[in-house]
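J.: Take a look at query.cif, mmCIF, C-alpha atoms:
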data_work
#
loop_
_atom_site.label_atom_id
_atom_site.label_comp_id
_atom_site.auth_asym_id
_atom_site.auth_seq_id
_atom_site.Cartn_x
_atom_site.Cartn_y
_atom_site.Cartn_z
CA MET A 1 -25.82 -22.72 7.32
CA LYS A 2 -22.55 -21.39 8.57
CA THR A 3 -19.88 -23.50 10.14
CA SER A 4 -19.23 -23.26 13.85
CA PHE A 5 -15.79 -21.93 12.88
CA VAL A 6 -17.38 -18.87 11.28
CA HIS A 7 -19.54 -18.47 14.39
CA MET A 8 -16.40 -18.60 16.49
CA LYS A 9 -14.65 -15.95 14.38
CA ILE A 10 -17.66 -13.68 14.67
CA SER A 11 -17.92 -14.16 18.45
CA VAL A 12 -14.24 -13.34 18.91
CA LEU A 13 -14.59 -10.21 16.81
CA LEU A 14 -17.76 -9.09 18.59
CA LEU A 15 -16.09 -9.62 21.96
CA LEU A 16 -13.07 -7.66 20.81
CA THR A 17 -15.23 -4.83 19.52
CA ALA A 18 -17.21 -4.70 22.78
CA LEU A 19 -14.05 -4.66 24.88
CA LEU A 20 -12.46 -1.99 22.76
CA THR A 21 -15.41 0.34 22.61
CA THR A 22 -16.12 0.19 26.33
CA GLY A 23 -12.49 0.26 27.36
CA CYS A 24 -9.73 2.78 26.75
CA ALA A 25 -10.18 2.59 23.01
CA SER A 26 -10.63 6.23 22.10
CA SER A 27 -7.64 7.71 20.28
CA ALA A 28 -6.82 10.34 22.88
CA GLY A 29 -5.41 13.64 21.60
CA GLY A 30 -2.57 13.14 19.15
CA ASN A 31 -1.88 9.52 20.04
CA LYS A 32 -3.23 7.30 17.28
CA ASP A 33 -2.10 4.05 18.86
CA PRO A 34 -3.07 3.97 22.56
CA LEU A 35 -3.10 0.16 22.50
CA GLU A 36 0.43 -0.12 21.13
CA GLY A 37 1.72 -2.64 23.67
CA PHE A 38 -1.21 -5.00 23.10
CA ASN A 39 -1.03 -4.46 19.34
CA ARG A 40 2.67 -5.26 19.06
CA ALA A 41 2.10 -8.52 20.91
CA ILE A 42 -0.70 -9.61 18.60
CA PHE A 43 1.31 -8.43 15.60
CA ALA A 44 4.20 -10.65 16.67
CA PHE A 45 1.78 -13.56 17.13
CA ASN A 46 0.23 -13.04 13.68
CA ASP A 47 3.69 -12.78 12.17
CA GLY A 48 4.70 -16.02 13.84
CA VAL A 49 1.66 -17.90 12.54
CA ASP A 50 2.33 -16.45 9.11
CA GLN A 51 6.03 -17.40 8.98
CA VAL A 52 5.41 -20.93 10.20
CA ILE A 53 2.21 -21.88 8.39
CA LEU A 54 0.70 -19.50 5.87
CA LYS A 55 3.74 -18.08 4.10
CA PRO A 56 5.35 -21.47 3.30
CA VAL A 57 2.05 -22.77 1.88
CA ALA A 58 1.56 -19.58 -0.16
CA THR A 59 5.13 -19.74 -1.44
CA GLY A 60 4.66 -23.32 -2.57
CA TYR A 61 1.33 -22.44 -4.21
CA ASP A 62 3.00 -19.51 -5.97
CA ALA A 63 5.84 -21.69 -7.25
CA VAL A 64 3.59 -24.44 -8.53
CA LEU A 65 0.70 -22.62 -10.20
CA PRO A 66 1.20 -20.87 -13.55
CA THR A 67 0.34 -17.16 -13.61
CA PRO A 68 -2.82 -17.43 -15.74
CA VAL A 69 -4.25 -19.96 -13.30
CA ARG A 70 -3.35 -17.72 -10.33
CA LYS A 71 -5.02 -14.83 -12.12
CA GLY A 72 -8.16 -16.90 -12.73
CA VAL A 73 -8.35 -17.78 -9.04
CA THR A 74 -7.93 -14.12 -8.05
CA ASN A 75 -10.62 -13.11 -10.54
CA PHE A 76 -13.01 -15.83 -9.34
CA PHE A 77 -12.88 -14.68 -5.72
CA GLY A 78 -12.80 -11.04 -6.79
CA ASN A 79 -16.11 -11.62 -8.54
CA ILE A 80 -17.67 -13.03 -5.37
CA ALA A 81 -16.33 -10.02 -3.44
CA ASP A 82 -17.89 -7.61 -5.94
CA VAL A 83 -21.38 -8.49 -4.64
CA PHE A 84 -20.80 -6.87 -1.26
CA ILE A 85 -18.55 -4.18 -2.65
CA GLY A 86 -21.62 -3.17 -4.67
CA ILE A 87 -23.91 -3.41 -1.66
CA ASN A 88 -21.55 -1.29 0.41
CA ASN A 89 -21.37 1.34 -2.31
CA LEU A 90 -25.16 1.47 -2.38
CA LEU A 91 -25.30 1.70 1.42
CA GLN A 92 -22.95 4.68 1.17
CA GLY A 93 -25.22 6.38 -1.34
CA LYS A 94 -22.82 5.88 -4.25
CA VAL A 95 -25.47 4.61 -6.60
CA SER A 96 -23.62 4.60 -9.91
CA ASP A 97 -20.54 2.97 -8.36
CA GLY A 98 -22.75 0.34 -6.75
CA ALA A 99 -24.60 -0.27 -10.00
CA GLY A 100 -21.23 -0.69 -11.71
CA ASP A 101 -20.12 -3.29 -9.17
CA LEU A 102 -23.29 -5.33 -9.53
CA GLY A 103 -22.93 -4.96 -13.28
CA ARG A 104 -19.45 -6.44 -12.98
CA VAL A 105 -20.88 -9.46 -11.19
CA ALA A 106 -23.49 -9.97 -13.90
CA VAL A 107 -21.01 -9.69 -16.77
CA ASN A 108 -18.15 -11.63 -15.20
CA SER A 109 -20.35 -14.46 -13.95
CA THR A 110 -21.73 -15.06 -17.42
CA LEU A 111 -19.31 -13.87 -20.10
CA GLY A 112 -16.42 -14.29 -17.70
CA LEU A 113 -17.30 -17.92 -17.00
CA LEU A 114 -18.23 -17.75 -13.31
CA GLY A 115 -15.79 -14.92 -12.71
CA VAL A 116 -12.61 -16.62 -13.86
CA PHE A 117 -12.13 -13.97 -16.54
CA ASP A 118 -12.44 -10.30 -15.61
CA VAL A 119 -14.28 -9.28 -18.76
CA ALA A 120 -15.89 -6.27 -17.06
CA SER A 121 -12.59 -4.45 -16.50
CA ASN A 122 -11.79 -4.80 -20.19
CA MET A 123 -15.18 -3.27 -20.89
CA GLY A 124 -14.22 -0.31 -18.75
CA ILE A 125 -16.34 -1.09 -15.67
CA GLU A 126 -13.93 -0.29 -12.88
CA LYS A 127 -13.35 -2.48 -9.88
CA HIS A 128 -13.78 -0.74 -6.52
CA GLU A 129 -12.68 -1.48 -2.99
CA GLU A 130 -15.34 -1.13 -0.30
CA ASP A 131 -16.18 -2.86 2.94
CA PHE A 132 -18.45 -2.35 5.96
CA GLY A 133 -15.73 -0.45 7.83
CA GLN A 134 -15.73 2.21 5.12
CA THR A 135 -19.53 2.26 5.10
CA PHE A 136 -19.58 2.94 8.84
CA GLY A 137 -16.99 5.67 8.25
CA ARG A 138 -19.20 7.27 5.61
CA TRP A 139 -22.14 7.15 8.00
CA GLY A 140 -20.05 9.17 10.44
CA ALA A 141 -18.50 6.64 12.82
CA ASP A 142 -15.14 7.78 14.15
CA SER A 143 -12.35 5.34 13.40
CA GLY A 144 -11.31 4.77 17.00
CA ALA A 145 -7.98 3.33 18.07
CA PHE A 146 -5.69 1.25 15.90
CA VAL A 147 -6.05 -2.45 16.64
CA VAL A 148 -4.23 -5.55 15.46
CA VAL A 149 -6.81 -8.34 15.28
CA PRO A 150 -5.61 -11.92 15.82
CA PHE A 151 -5.27 -13.64 12.41
CA PHE A 152 -6.89 -10.81 10.48
CA GLY A 153 -4.22 -8.18 11.05
CA PRO A 154 -4.38 -4.38 11.25
CA ARG A 155 -7.73 -2.65 11.74
CA THR A 156 -9.25 0.21 13.72
CA VAL A 157 -12.07 -0.26 16.24
CA ARG A 158 -14.62 0.79 13.64
CA ASP A 159 -13.10 -1.42 10.96
CA THR A 160 -13.14 -4.38 13.34
CA ALA A 161 -16.90 -3.91 13.72
CA GLY A 162 -17.04 -3.69 9.92
CA LEU A 163 -15.01 -6.87 9.67
CA VAL A 164 -17.63 -8.71 11.73
CA LEU A 165 -20.23 -7.86 9.11
CA ASP A 166 -17.84 -8.64 6.25
CA VAL A 167 -17.29 -12.13 7.69
CA ALA A 168 -20.98 -12.68 8.46
CA THR A 169 -22.02 -11.77 4.92
CA ASP A 170 -19.20 -13.60 3.15
CA PRO A 171 -20.91 -15.54 0.34
CA VAL A 172 -18.40 -18.39 0.61
CA SER A 173 -19.62 -19.16 4.12
CA TYR A 174 -23.08 -19.80 2.73
CA VAL A 175 -22.00 -22.70 0.52
CA ASP A 176 -23.85 -25.76 1.88
CA HIS A 177 -21.43 -28.49 0.89
CA VAL A 178 -18.86 -28.36 3.69
CA PRO A 179 -15.79 -29.79 1.91
CA THR A 180 -16.34 -27.40 -1.02
CA ARG A 181 -16.79 -24.44 1.31
CA ASN A 182 -13.61 -25.27 3.21
CA THR A 183 -11.63 -25.78 0.03
CA MET A 184 -12.85 -22.46 -1.34
CA ALA A 185 -12.04 -20.59 1.84
CA GLY A 186 -8.63 -22.26 2.03
CA VAL A 187 -7.70 -21.57 -1.58
CA ARG A 188 -8.83 -17.96 -1.29
CA LEU A 189 -6.70 -17.47 1.81
CA VAL A 190 -3.60 -19.00 0.23
CA ASN A 191 -4.13 -17.12 -3.04
CA ASP A 192 -4.50 -13.78 -1.20
CA ARG A 193 -1.36 -14.51 0.78
CA ALA A 194 0.55 -15.44 -2.39
CA ASN A 195 -0.50 -12.10 -3.93
CA LEU A 196 1.18 -10.39 -0.98
CA LEU A 197 4.54 -12.17 -1.29
CA PRO A 198 6.16 -9.35 -3.33
CA ALA A 199 5.02 -6.91 -0.64
CA ASP A 200 6.97 -8.86 1.99
CA LYS A 201 10.26 -8.27 0.24
CA VAL A 202 9.65 -4.57 -0.26
CA ILE A 203 8.53 -4.00 3.33
CA ALA A 204 11.56 -5.85 4.66
CA GLU A 205 13.69 -3.42 2.67
CA ALA A 206 11.74 -0.26 3.46
CA ALA A 207 10.76 -0.55 7.09
CA LEU A 208 12.88 0.52 10.03
CA ASP A 209 10.26 -1.04 12.28
CA LYS A 210 7.85 -3.41 10.53
CA TYR A 211 5.03 -2.84 13.03
CA SER A 212 4.96 0.98 12.81
CA TYR A 213 5.50 0.93 9.03
CA ILE A 214 2.46 -1.29 8.51
CA ARG A 215 0.40 0.60 11.07
CA ASP A 216 1.11 4.02 9.55
CA ALA A 217 0.53 2.75 6.02
CA TYR A 218 -2.76 1.14 7.09
CA LEU A 219 -4.07 4.29 8.82
CA GLN A 220 -3.16 6.51 5.87
CA ARG A 221 -4.73 4.04 3.45
CA ARG A 222 -8.03 3.90 5.37
CA ARG A 223 -8.15 7.69 5.51
CA SER A 224 -7.62 7.83 1.76
CA LEU A 225 -10.29 5.20 1.10
CA ILE A 226 -12.90 7.09 3.11
CA TYR A 227 -12.19 10.16 0.97
CA ASP A 228 -12.18 7.90 -2.13
CA GLY A 229 -8.68 8.97 -3.03
CA ASN A 230 -8.99 12.69 -2.39
CA ALA A 231 -7.80 12.99 1.19
CA PRO A 232 -6.44 16.44 2.10
CA ARG A 233 -2.67 16.46 2.60
CA GLU A 234 -1.64 16.19 6.25
CA ALA A 235 -0.11 19.33 7.69
CA GLU A 236 3.68 19.45 7.73
CA SER A 237 5.24 20.36 11.06
CA GLU A 238 8.41 22.25 10.26
CA MET B 7 -4.32 -6.54 3.50
CA LYS B 8 -4.95 -5.27 0.01
CA PHE B 9 -3.29 -1.97 0.77
CA LEU B 10 0.05 -3.76 0.84
CA VAL B 11 -0.34 -4.92 -2.76
CA ALA B 12 -1.18 -1.35 -3.68
CA LEU B 13 1.88 -0.08 -1.85
CA VAL B 14 4.26 -2.39 -3.66
CA ALA B 15 2.83 -2.03 -7.15
CA SER B 16 3.01 1.72 -6.97
CA LEU B 17 6.51 1.78 -5.52
CA ILE B 18 7.56 0.25 -8.83
CA PHE B 19 6.33 3.32 -10.61
CA SER B 20 7.59 5.89 -8.19
CA ALA B 21 11.08 4.76 -9.12
CA ALA B 22 10.93 6.46 -12.48
CA ALA B 23 12.70 9.52 -13.77
CA VAL B 24 14.47 10.63 -16.86
CA ALA B 25 17.62 12.70 -17.29
CA LEU B 26 16.42 16.00 -18.72
CA PRO B 27 18.01 19.23 -19.82
CA ALA B 28 17.92 22.11 -17.34
CA ASN B 29 14.97 23.85 -19.05
CA GLY B 30 12.93 20.75 -18.24
CA LEU B 31 9.49 19.53 -19.13
CA ALA B 32 6.25 20.44 -17.39
CA PRO B 33 5.70 18.26 -14.32
CA ASP B 34 3.16 15.91 -15.88
CA ALA B 35 5.20 15.48 -19.05
CA LEU B 36 8.22 14.82 -16.84
CA ILE B 37 6.47 12.10 -14.87
CA LYS B 38 5.12 10.58 -18.09
CA SER B 39 8.49 10.29 -19.79
CA ILE B 40 9.99 9.04 -16.56
CA SER B 41 7.46 6.26 -16.23
CA SER B 42 7.75 5.11 -19.85
CA GLU B 43 11.52 5.13 -19.88
CA VAL B 44 11.91 3.08 -16.74
CA ILE B 45 9.18 0.63 -17.74
CA ASP B 46 10.79 0.14 -21.15
CA ILE B 47 14.13 -0.58 -19.53
CA VAL B 48 12.65 -3.01 -17.00
CA LYS B 49 10.65 -4.80 -19.71
CA ALA B 50 13.81 -5.38 -21.74
CA ASP B 51 15.94 -6.42 -18.81
CA LYS B 52 15.55 -10.07 -17.85
CA GLU B 53 17.95 -9.75 -14.96
CA ILE B 54 15.88 -7.10 -13.21
CA GLN B 55 12.72 -9.12 -13.77
CA SER B 56 14.29 -12.20 -12.22
CA GLY B 57 15.14 -10.31 -9.05
CA ASN B 58 18.53 -8.65 -9.56
CA ALA B 59 17.98 -5.75 -7.18
CA LYS B 60 21.53 -4.50 -7.65
CA LYS B 61 20.93 -3.87 -11.35
CA ALA B 62 17.62 -2.24 -10.56
CA ALA B 63 19.43 0.03 -8.08
CA GLU B 64 21.84 1.13 -10.80
CA LEU B 65 18.85 2.02 -12.98
CA VAL B 66 17.23 3.96 -10.15
CA ASP B 67 20.45 5.82 -9.29
CA LYS B 68 20.99 6.84 -12.89
CA LYS B 69 17.49 7.63 -14.06
CA VAL B 70 15.46 8.38 -10.98
CA ALA B 71 17.48 9.84 -8.16
CA PRO B 72 18.47 13.07 -9.97
CA HIS B 73 14.82 14.10 -10.04
CA PHE B 74 14.17 13.84 -6.34
CA ASP B 75 14.88 16.48 -3.73
CA PHE B 76 16.11 14.14 -1.00
CA MET B 77 17.17 16.93 1.33
CA ARG B 78 13.65 18.28 1.38
CA MET B 79 12.13 14.80 1.78
CA THR B 80 14.37 14.09 4.76
CA ARG B 81 13.54 17.45 6.31
CA LEU B 82 9.81 16.77 5.92
CA ALA B 83 10.12 13.23 7.28
CA LEU B 84 11.93 14.50 10.36
CA GLY B 85 9.54 17.38 11.03
CA ARG B 86 10.35 19.28 14.19
CA GLU B 87 13.34 17.07 14.93
CA TRP B 88 15.16 18.35 11.83
CA ARG B 89 16.29 21.44 13.76
CA GLN B 90 17.99 19.24 16.32
CA ALA B 91 20.47 18.11 13.70
CA ASN B 92 23.49 20.24 12.74
CA ALA B 93 24.42 20.79 9.07
CA GLY B 94 26.77 17.81 8.97
CA GLN B 95 24.19 15.46 10.49
CA GLN B 96 21.52 16.74 8.10
CA LYS B 97 23.71 15.87 5.15
CA VAL B 98 24.34 12.36 6.47
CA LEU B 99 20.64 11.85 7.18
CA ALA B 100 19.64 12.92 3.67
CA ASN B 101 22.26 10.61 2.24
CA GLU B 102 21.14 7.60 4.27
CA PHE B 103 17.48 8.26 3.54
CA GLN B 104 18.29 8.44 -0.15
CA THR B 105 20.08 5.11 0.01
CA LEU B 106 17.15 3.56 1.84
CA LEU B 107 14.63 4.84 -0.69
CA VAL B 108 16.73 3.84 -3.71
CA ARG B 109 17.06 0.30 -2.33
CA THR B 110 13.34 0.05 -1.58
CA TYR B 111 12.37 1.21 -5.06
CA SER B 112 14.89 -1.12 -6.66
CA LYS B 113 13.40 -4.05 -4.79
CA ALA B 114 9.93 -3.03 -5.96
CA LEU B 115 11.10 -2.69 -9.58
CA THR B 116 12.12 -6.35 -9.63
CA GLU B 117 8.46 -7.21 -9.01
CA TYR B 118 7.20 -5.47 -12.16
CA LYS B 119 4.61 -7.56 -14.01
CA ASN B 120 3.33 -5.68 -17.06
CA GLN B 121 1.15 -3.10 -15.43
CA ILE B 122 0.16 0.01 -17.40
CA VAL B 123 0.64 3.56 -16.12
CA ASP B 124 -1.80 6.34 -16.97
CA VAL B 125 -0.51 9.83 -16.09
CA LYS B 126 -3.30 12.39 -15.77
CA PRO B 127 -2.77 15.76 -17.46
CA LEU B 128 -2.03 18.68 -15.19
CA ALA B 129 -3.54 22.14 -15.67
CA LEU B 130 -0.33 24.01 -14.96
CA LYS B 131 -0.38 27.77 -14.40
CA ALA B 132 2.73 29.83 -15.09
CA ALA B 133 3.00 30.97 -11.48
CA ASP B 134 2.72 27.47 -9.98
CA THR B 135 5.74 26.23 -8.07
CA ASP B 136 4.25 23.38 -6.04
CA VAL B 137 2.11 20.82 -7.83
CA LYS B 138 0.61 17.36 -7.56
CA VAL B 139 0.70 15.07 -10.58
CA ARG B 140 -1.79 12.23 -10.47
CA SER B 141 -1.34 8.91 -12.17
CA GLU B 142 -2.93 5.49 -12.05
CA ILE B 143 -1.56 2.02 -12.32
CA LYS B 144 -3.92 -0.29 -14.10
CA GLN B 145 -3.86 -4.01 -13.46
CA SER B 146 -6.56 -6.37 -14.62
CA GLY B 147 -8.67 -8.02 -11.95
CA ALA B 148 -7.90 -5.37 -9.35
CA LYS B 149 -8.79 -1.78 -8.67
CA ALA B 150 -6.47 0.77 -10.31
CA ILE B 151 -3.84 2.08 -7.88
CA GLN B 152 -3.48 5.77 -7.39
CA LEU B 153 0.04 7.12 -7.59
CA ASP B 154 0.50 10.82 -6.91
CA TYR B 155 3.72 12.83 -7.18
CA TYR B 156 4.37 16.10 -5.35
CA LEU B 157 6.85 18.34 -7.16
CA GLN B 158 8.38 21.70 -6.40
CA LYS B 159 9.99 24.03 -8.91
CA THR B 160 13.51 25.22 -8.14
CA ASN B 161 15.52 27.14 -10.77
CA ASP B 162 13.40 26.04 -13.74
CA SER B 163 13.54 22.34 -12.91
CA TRP B 164 10.88 20.33 -11.11
CA LYS B 165 11.93 18.01 -8.31
CA ILE B 166 9.85 15.35 -6.59
CA TYR B 167 9.61 15.69 -2.81
CA ASP B 168 6.91 13.20 -1.94
CA ILE B 169 5.01 10.30 -3.43
CA GLU B 170 1.61 9.08 -2.40
CA VAL B 171 0.94 5.47 -3.15
CA ALA B 172 -2.73 4.51 -2.85
CA GLY B 173 -3.12 7.39 -0.43
CA ILE B 174 -0.06 6.47 1.61
CA SER B 175 2.47 9.29 1.71
CA LEU B 176 6.08 8.14 1.75
CA VAL B 177 7.25 11.09 3.82
CA THR B 178 4.41 10.76 6.34
CA ASN B 179 4.98 7.04 6.71
CA TYR B 180 8.56 7.49 7.82
CA ARG B 181 7.74 10.43 10.10
CA GLU B 182 6.60 8.33 13.04
CA SER B 183 9.51 5.87 13.02
CA PHE B 184 12.04 8.69 12.57
CA SER B 185 10.66 10.74 15.43
CA ASN B 186 10.43 7.67 17.68
CA GLU B 187 14.07 6.92 17.02
CA VAL B 188 15.18 10.50 17.61
CA ARG B 189 13.20 10.67 20.85
CA SER B 190 14.75 7.49 22.19
CA SER B 191 18.35 7.79 20.96
CA GLY B 192 18.76 11.25 19.42
CA ILE B 193 19.82 12.26 15.90
CA ASP B 194 22.96 10.14 16.08
CA GLY B 195 20.85 7.15 17.07
CA LEU B 196 18.67 7.60 13.98
CA ILE B 197 21.77 7.91 11.78
CA LYS B 198 23.15 4.68 13.24
CA VAL B 199 19.88 2.82 12.63
CA LEU B 200 19.70 4.00 9.01
CA GLN B 201 23.33 3.13 8.35
CA ALA B 202 22.95 -0.34 9.85
CA LYS B 203 19.84 -0.95 7.78
CA ASN B 204 21.49 0.22 4.57
CA LYS B 205 24.54 -1.95 5.17
CA SER B 206 22.44 -5.06 5.71
CA GLY B 207 21.00 -5.33 2.22
CA ASP B 208 22.21 -6.74 -1.07
CA THR B 209 21.81 -3.64 -3.23
CA VAL B 210 24.56 -1.19 -4.03
CA ALA B 211 24.95 1.82 -1.70
CA VAL B 212 24.57 5.30 -3.15
CA LYS B 213 27.93 6.90 -3.86
CA LYS B 214 28.13 10.61 -3.16
#
Just give me the structure as structure tokens.
T.:
Amino acid sequence: MKTSFVHMKISVLLLLTALLTTGCASSAGGNKDPLEGFNRAIFAFNDGVDQVILKPVATGYDAVLPTPVRKGVTNFFGNIADVFIGINNLLQGKVSDGAGDLGRVAVNSTLGLLGVFDVASNMGIEKHEEDFGQTFGRWGADSGAFVVVPFFGPRTVRDTAGLVLDVATDPVSYVDHVPTRNTMAGVRLVNDRANLLPADKVIAEAALDKYSYIRDAYLQRRRSLIYDGNAPREAESE
Amino acid sequence: MKFLVALVASLIFSAAAVALPANGLAPDALIKSISSEVIDIVKADKEIQSGNAKKAAELVDKKVAPHFDFMRMTRLALGREWRQANAGQQKVLANEFQTLLVRTYSKALTEYKNQIVDVKPLALKAADTDVKVRSEIKQSGAKAIQLDYYLQKTNDSWKIYDIEVAGISLVTNYRESFSNEVRSSGIDGLIKVLQAKNKSGDTVAVKK
């Protein structure tokens, strides 16, 4: 039984996807960001929410928790994520990768004490990064325009549709006991944000314009993920 | 936004080079000794680990910068707009871009947390002058991050002209913001923006 909050998130995402696919969402010609005005506004909103609420909580969490505990939390949620990373690999036809991911879940949940210890990596079973957006990409869906989704951040039209499925299949949302489910979701969110704190400092240093830096990095990263790390080098215009 | 973690972790390792004699090492051996030397220094230096970006910048200037071809990187990042700049402006641009990159890498170096770098061997042919060296950053609990170096051979020594962190090319990532700036306020506008940005930080500026 999912909370009405999860239902709300899914409805918002579905609405967004519908609007974007029927509207002017195709990346026309060389312009990869036809929705730039809209995106910058949402980006500023997300940034505001982050600065006021999420970042302070994550900073406090980071300061208070010792590193081994933080690591255990990351591993625990990483283990849960491995289930659908495996399923996505299988959906993409990458059978041995998918088998590896599900193997990770089996090993880490038992030997790794419910995922707190990442025993599988030490055994040489690699962790992968897959989601429904990449699966749709593998199946041939074009990425569509760049979109900044409220609260979730940068995506493309295709990845937003993928995000809907990622949220709908999130194992944490299937936990019956509501206070536990909320605590888990909350801790995961704060932990993920705390893991990104070093990135904040570097991006502040590196970016001339935070929005376009993050957008360009995101688009390159997605392209690389679809090619599983072997994307052809983009042509140089000289 | 996992890609951001990837970006930062690999920036730490792109800031790695070693002073070598003119008849230098093969590109993969070069990258390997670079990575180990910088990691060893960072591991032993408590100040860098506790966030002293200025000290990290000194390390980068000394050990890393000599192995990059900043002029070429700036030219690639500017693309078509490079021809709009005269020789003097090109020199200033390369200088400012170098400062920006040194400061970014230095910041990233202060975030080092015991990751391990695995440089893949390169099948180098004698006639090769433009190569890609692949490496991986291993961290437990997360997927290994790909870190690729693009090097070009000039006069017997190999120089780095681009780095790809988890599939994100440094040069390509700056291309859009540079060309936007040039289109709205010209080459001089871009120079002003870079200079203002470099002045606003707490790390030491590159002396040339």
J.: Tell me, as number ranges by chain, which residues lie within 7 Å of Lys159 (chain B), counting all atoms listed in the file; anything in the same chain fewer than 4 positions away does not count.
T.: B: 135-136, 163-165
J.: Residues near Phe45 (chain A), anyone? I mean within 12 Å using only C-alpha atoms, not counting same-chain ones fewer than 2 positions away, as a tab-separated table (two decimals) with C-alpha atoms, keeping the file's coordinate frame.
T.:
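Writing the result to around.tsv gives the following:
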chain	number	residue	atom	x	y	z
A	38	PHE	CA	-1.21	-5.00	23.10
A	39	ASN	CA	-1.03	-4.46	19.34
A	40	ARG	CA	2.67	-5.26	19.06
A	41	ALA	CA	2.10	-8.52	20.91
A	42	ILE	CA	-0.70	-9.61	18.60
A	43	PHE	CA	1.31	-8.43	15.60
A	47	ASP	CA	3.69	-12.78	12.17
A	48	GLY	CA	4.70	-16.02	13.84
A	49	VAL	CA	1.66	-17.90	12.54
A	50	ASP	CA	2.33	-16.45	9.11
A	51	GLN	CA	6.03	-17.40	8.98
A	52	VAL	CA	5.41	-20.93	10.20
A	148	VAL	CA	-4.23	-5.55	15.46
A	149	VAL	CA	-6.81	-8.34	15.28
A	150	PRO	CA	-5.61	-11.92	15.82
A	151	PHE	CA	-5.27	-13.64	12.41
A	152	PHE	CA	-6.89	-10.81	10.48
A	153	GLY	CA	-4.22	-8.18	11.05
A	211	TYR	CA	5.03	-2.84	13.03
J.: Would you kindly return, as a ChimeraX atom specification, each protein, DNA or RNA residue with an atom no farther than 10 Å from any atom of Ile122 (chain B), considering all atoms listed in the file and excluding same-chain residues fewer than 6 positions away?
T.: /B:19,41-42,45,142-146,150
J.: Just the selected residues (C-alpha atoms), exported as a PDB file, keeping the file's coordinate frame, please.
T.:
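Contents of out_14.pdb, as written:
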ATOM      1  CA  PHE B  19       6.330   3.320 -10.610  1.00  0.00           C
ATOM      2  CA  SER B  41       7.460   6.260 -16.230  1.00  0.00           C
ATOM      3  CA  SER B  42       7.750   5.110 -19.850  1.00  0.00           C
ATOM      4  CA  ILE B  45       9.180   0.630 -17.740  1.00  0.00           C
ATOM      5  CA  GLU B 142      -2.930   5.490 -12.050  1.00  0.00           C
ATOM      6  CA  ILE B 143      -1.560   2.020 -12.320  1.00  0.00           C
ATOM      7  CA  LYS B 144      -3.920  -0.290 -14.100  1.00  0.00           C
ATOM      8  CA  GLN B 145      -3.860  -4.010 -13.460  1.00  0.00           C
ATOM      9  CA  SER B 146      -6.560  -6.370 -14.620  1.00  0.00           C
ATOM     10  CA  ALA B 150      -6.470   0.770 -10.310  1.00  0.00           C
TER      11      ALA B 150
END
J.: Translate the PyMOL selection byres ((chain B) within 9 of (chain A)), as applied to the file shown, into an explicit residue set as a compact mmCIF listing (two decimals) with C-alpha atoms, keeping the file's coordinate frame.
T.:
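So out.txt came out as:
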# COMPACT_ATOMS: atom_id res chain seq x y z
CA MET B 7 -4.32 -6.54 3.50
CA LYS B 8 -4.95 -5.27 0.01
CA PHE B 9 -3.29 -1.97 0.77
CA LEU B 10 0.05 -3.76 0.84
CA VAL B 11 -0.34 -4.92 -2.76
CA ALA B 12 -1.18 -1.35 -3.68
CA LEU B 13 1.88 -0.08 -1.85
CA VAL B 14 4.26 -2.39 -3.66
CA ALA B 15 2.83 -2.03 -7.15
CA LEU B 17 6.51 1.78 -5.52
CA ARG B 81 13.54 17.45 6.31
CA LEU B 82 9.81 16.77 5.92
CA ALA B 83 10.12 13.23 7.28
CA LEU B 84 11.93 14.50 10.36
CA GLY B 85 9.54 17.38 11.03
CA ARG B 86 10.35 19.28 14.19
CA GLU B 87 13.34 17.07 14.93
CA TRP B 88 15.16 18.35 11.83
CA ARG B 89 16.29 21.44 13.76
CA LEU B 106 17.15 3.56 1.84
CA LEU B 107 14.63 4.84 -0.69
CA ARG B 109 17.06 0.30 -2.33
CA THR B 110 13.34 0.05 -1.58
CA TYR B 111 12.37 1.21 -5.06
CA SER B 112 14.89 -1.12 -6.66
CA LYS B 113 13.40 -4.05 -4.79
CA ALA B 114 9.93 -3.03 -5.96
CA GLU B 117 8.46 -7.21 -9.01
CA SER B 146 -6.56 -6.37 -14.62
CA GLY B 147 -8.67 -8.02 -11.95
CA ALA B 148 -7.90 -5.37 -9.35
CA LYS B 149 -8.79 -1.78 -8.67
CA ALA B 150 -6.47 0.77 -10.31
CA GLN B 152 -3.48 5.77 -7.39
CA VAL B 171 0.94 5.47 -3.15
CA ALA B 172 -2.73 4.51 -2.85
CA GLY B 173 -3.12 7.39 -0.43
CA ILE B 174 -0.06 6.47 1.61
CA SER B 175 2.47 9.29 1.71
CA LEU B 176 6.08 8.14 1.75
CA THR B 178 4.41 10.76 6.34
CA ASN B 179 4.98 7.04 6.71
CA TYR B 180 8.56 7.49 7.82
CA GLU B 182 6.60 8.33 13.04
CA SER B 183 9.51 5.87 13.02
CA PHE B 184 12.04 8.69 12.57
CA VAL B 199 19.88 2.82 12.63
CA LEU B 200 19.70 4.00 9.01
CA LYS B 203 19.84 -0.95 7.78
CA ASN B 204 21.49 0.22 4.57
CA GLY B 207 21.00 -5.33 2.22
J.: Find the residue from B:Leu31, B:Ala63, B:Ala100, B:Val139 that sits nearest to Leu153 (chain B); use all atoms listed in the file when measuring.
T.: B:Val139
J.: Apply the PyMOL selection byres ((chain A and resi 81) around 10) to the file shown and report the selected residues as a list in words.
T.: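 Written out, the selection comes to Asn75, Phe76, Phe77, Gly78, Asn79, Ile80, Asp82, Val83, Phe84, Ile85, Gly86, Asp101, Val105, Glu129, Glu130, Asp131, Asp166, Asp170, Pro171 and Val172 of chain A.
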